[in-house]
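Just below is one structure, and these are the notes that go with it.
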Amino acid sequence: MPQITIHVPHLDSLNNAAQEFAAHMGKYTVFAFNGSMGAGKTTFINALAKILGVTDDMANSPSFSIINEYNSSTDGKPIYHFDLYRLESLEEALDIGVEDYFDSGSVCLIEWPDRVEAILPDDTVEVDICVNHEDLSRDITITFPE
């Protein structure tokens with residue numbers, strides 16, 4: 001599977017990394033963000049959403065609502081940000097209709113995607129955020145489906 005890695009040396013380079021990521025998104029709409037607690041998934045997703053035209057206040061992870069919808073001023077389509085950390089079961093995800101979001105054609109940015117792995121579309125793009133502990137930089141590895 002094709003992969004791209006974006007190095008984020010420090011927080012000041014986050015917007016550049018988000019721009020580079022956006023340039024590689026292509027036709028894909030579902031992105032599964034993996035990384036340990038505190039790796040920067042929410043922070044990166046917020047920066048990416050702004051690059052994609054979101055002007056809403058997105059200071060927090062959508063942990064309490066599980067799904068947040070943002071409006072993109074670029075194309076008028078919604079962008080969905082999922083934080084599935086508190087999801088209790090796959091059935092709970094099905095009850096809130098996550099499959100409908102995944103099939104909507106809108107960008108879906110998913111934190112803790114392992115909670116719904118069984119129902120992720122085949123064309124889901126895997127995104128791994130790794131903290132380099134020696135300097136606290138991040139590497140964002142994007143793996144595209146074949």
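In the structure tokens, chains take letters A, B, ... by order of appearance, with residues numbered from 1 within each chain and ligands from 1 in the order shown.
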*Show which residues sit within 9 Å of Arg115 in chain A, as a list in words. Count only C-alpha atoms, and ignore same-chain residues fewer than 5 positions away.*
Leu84, Tyr85, Leu87, Glu88, Ser89, Leu90 and Ala93 of chain A
Could the residues in this selection be saved with C-alpha atoms as an mmCIF file, in the first residue's frame?
```cif
data_model
loop_
_atom_site.group_PDB
_atom_site.id
_atom_site.type_symbol
_atom_site.label_atom_id
_atom_site.label_comp_id
_atom_site.auth_asym_id
_atom_site.auth_seq_id
_atom_site.Cartn_x
_atom_site.Cartn_y
_atom_site.Cartn_z
ATOM 1 C CA LEU A 84 -14.856 7.291 19.393
ATOM 2 C CA TYR A 85 -12.807 6.878 22.574
ATOM 3 C CA LEU A 87 -17.816 4.386 22.463
ATOM 4 C CA GLU A 88 -18.889 1.294 24.397
ATOM 5 C CA SER A 89 -19.591 -1.060 21.476
ATOM 6 C CA LEU A 90 -19.925 -1.400 17.742
ATOM 7 C CA ALA A 93 -21.813 3.211 16.722
#
```
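Proximity to range 122-138 of chain A at 9 Å, evaluated using only C-alpha atoms and with sequence-adjacent residues fewer than 4 positions away removed, yields Ile6, His7, Val8, Pro9, His10, Leu11, Met25, Tyr28, Thr29, Val30, Phe31, Ala32, Phe33, Asn34, Gly35, Ser36, Gly38, Ala39, Gly40, Lys41, Ile142, Thr143, Phe144, Pro145 and Glu146 of chain A.
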*Would you please work out which residue, of A:Asp12, A:Asp75, A:Glu111, A:Glu20, is nearest to Ile140 in chain A when using only C-alpha atoms?*
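Among the listed residues, the smallest separation from Ile140 in chain A belongs to A:Glu20.
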*So which one's closest to Asn68 in chain A, A:Phe44, A:Tyr101, A:Phe21, A:Trp112? Using only C-alpha atoms, please.*
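The shortest atom-to-atom distance to Asn68 in chain A comes from A:Tyr101.
Between Asp100 in chain A and the residues A:Leu120, A:Ile4, A:Leu14, A:Ile51, the shortest atom-to-atom distance, using only C-alpha atoms, involves A:Leu120.
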*CA of Ala23 in chain A to CA of Phe82 in chain A, straight-line distance in Å*: 21.5 Å
_Nearby residues (only C-alpha atoms) at most 12 Å from Lys77 in chain A, same-chain spacing under 2 positions excluded, as a VMD selection string_ = chain A and resid 29 49 52 to 54 69 to 75 79 to 80 104 to 108
Let me see the file: selected residues, N, CA, C and O atoms, as an mmCIF file, in the first residue's frame.
```
data_model
loop_
_atom_site.group_PDB
_atom_site.id
_atom_site.type_symbol
_atom_site.label_atom_id
_atom_site.label_comp_id
_atom_site.auth_asym_id
_atom_site.auth_seq_id
_atom_site.Cartn_x
_atom_site.Cartn_y
_atom_site.Cartn_z
ATOM 1 N N THR A 29 -12.336 10.149 1.440
ATOM 2 C CA THR A 29 -13.149 10.920 2.380
ATOM 3 C C THR A 29 -13.080 10.409 3.808
ATOM 4 O O THR A 29 -13.361 11.157 4.732
ATOM 5 N N ALA A 49 -8.717 20.605 9.447
ATOM 6 C CA ALA A 49 -10.059 21.117 9.153
ATOM 7 C C ALA A 49 -10.009 22.596 8.766
ATOM 8 O O ALA A 49 -10.729 23.034 7.864
ATOM 9 N N LEU A 52 -9.022 22.894 5.338
ATOM 10 C CA LEU A 52 -10.133 22.481 4.471
ATOM 11 C C LEU A 52 -11.280 23.482 4.460
ATOM 12 O O LEU A 52 -12.326 23.227 3.878
ATOM 13 N N GLY A 53 -11.106 24.614 5.129
ATOM 14 C CA GLY A 53 -12.087 25.688 5.050
ATOM 15 C C GLY A 53 -13.029 25.818 6.224
ATOM 16 O O GLY A 53 -13.985 26.584 6.169
ATOM 17 N N VAL A 54 -12.765 25.100 7.307
ATOM 18 C CA VAL A 54 -13.626 25.198 8.485
ATOM 19 C C VAL A 54 -13.249 26.444 9.274
ATOM 20 O O VAL A 54 -12.088 26.658 9.602
ATOM 21 N N GLU A 69 -19.941 18.162 13.677
ATOM 22 C CA GLU A 69 -20.061 18.531 12.274
ATOM 23 C C GLU A 69 -19.587 19.962 12.115
ATOM 24 O O GLU A 69 -20.025 20.848 12.835
ATOM 25 N N TYR A 70 -18.678 20.170 11.160
ATOM 26 C CA TYR A 70 -18.174 21.500 10.869
ATOM 27 C C TYR A 70 -18.529 21.840 9.428
ATOM 28 O O TYR A 70 -18.634 20.957 8.583
ATOM 29 N N ASN A 71 -18.689 23.099 9.147
ATOM 30 C CA ASN A 71 -18.997 23.542 7.796
ATOM 31 C C ASN A 71 -17.734 24.039 7.119
ATOM 32 O O ASN A 71 -16.986 24.817 7.689
ATOM 33 N N SER A 72 -17.541 23.602 5.893
ATOM 34 C CA SER A 72 -16.392 24.041 5.113
ATOM 35 C C SER A 72 -16.807 25.206 4.220
ATOM 36 O O SER A 72 -17.761 25.088 3.456
ATOM 37 N N SER A 73 -16.098 26.302 4.333
ATOM 38 C CA SER A 73 -16.386 27.450 3.469
ATOM 39 C C SER A 73 -15.835 27.221 2.064
ATOM 40 O O SER A 73 -16.177 27.933 1.138
ATOM 41 N N THR A 74 -15.011 26.198 1.895
ATOM 42 C CA THR A 74 -14.403 25.913 0.603
ATOM 43 C C THR A 74 -15.400 25.314 -0.373
ATOM 44 O O THR A 74 -15.554 25.801 -1.489
ATOM 45 N N ASP A 75 -16.089 24.245 0.049
ATOM 46 C CA ASP A 75 -17.021 23.585 -0.868
ATOM 47 C C ASP A 75 -18.438 23.470 -0.315
ATOM 48 O O ASP A 75 -19.317 22.913 -0.974
ATOM 49 N N ILE A 79 -17.817 18.651 7.274
ATOM 50 C CA ILE A 79 -16.689 17.802 7.646
ATOM 51 C C ILE A 79 -17.049 17.220 8.998
ATOM 52 O O ILE A 79 -17.439 17.956 9.913
ATOM 53 N N TYR A 80 -16.941 15.904 9.113
ATOM 54 C CA TYR A 80 -17.303 15.225 10.353
ATOM 55 C C TYR A 80 -16.045 14.803 11.105
ATOM 56 O O TYR A 80 -15.141 14.212 10.529
ATOM 57 N N SER A 104 -21.484 9.190 3.255
ATOM 58 C CA SER A 104 -22.073 10.466 2.832
ATOM 59 C C SER A 104 -21.311 11.182 1.721
ATOM 60 O O SER A 104 -21.849 12.072 1.077
ATOM 61 N N GLY A 105 -20.050 10.818 1.523
ATOM 62 C CA GLY A 105 -19.235 11.538 0.550
ATOM 63 C C GLY A 105 -18.554 12.761 1.142
ATOM 64 O O GLY A 105 -17.770 13.428 0.480
ATOM 65 N N SER A 106 -18.850 13.055 2.411
ATOM 66 C CA SER A 106 -18.197 14.156 3.118
ATOM 67 C C SER A 106 -16.953 13.627 3.826
ATOM 68 O O SER A 106 -16.852 12.433 4.121
ATOM 69 N N VAL A 107 -16.018 14.515 4.112
ATOM 70 C CA VAL A 107 -14.801 14.119 4.813
ATOM 71 C C VAL A 107 -15.148 13.704 6.241
ATOM 72 O O VAL A 107 -15.842 14.421 6.955
ATOM 73 N N CYS A 108 -14.653 12.535 6.625
ATOM 74 C CA CYS A 108 -14.822 11.996 7.976
ATOM 75 C C CYS A 108 -13.439 11.784 8.572
ATOM 76 O O CYS A 108 -12.628 11.035 8.025
#
```
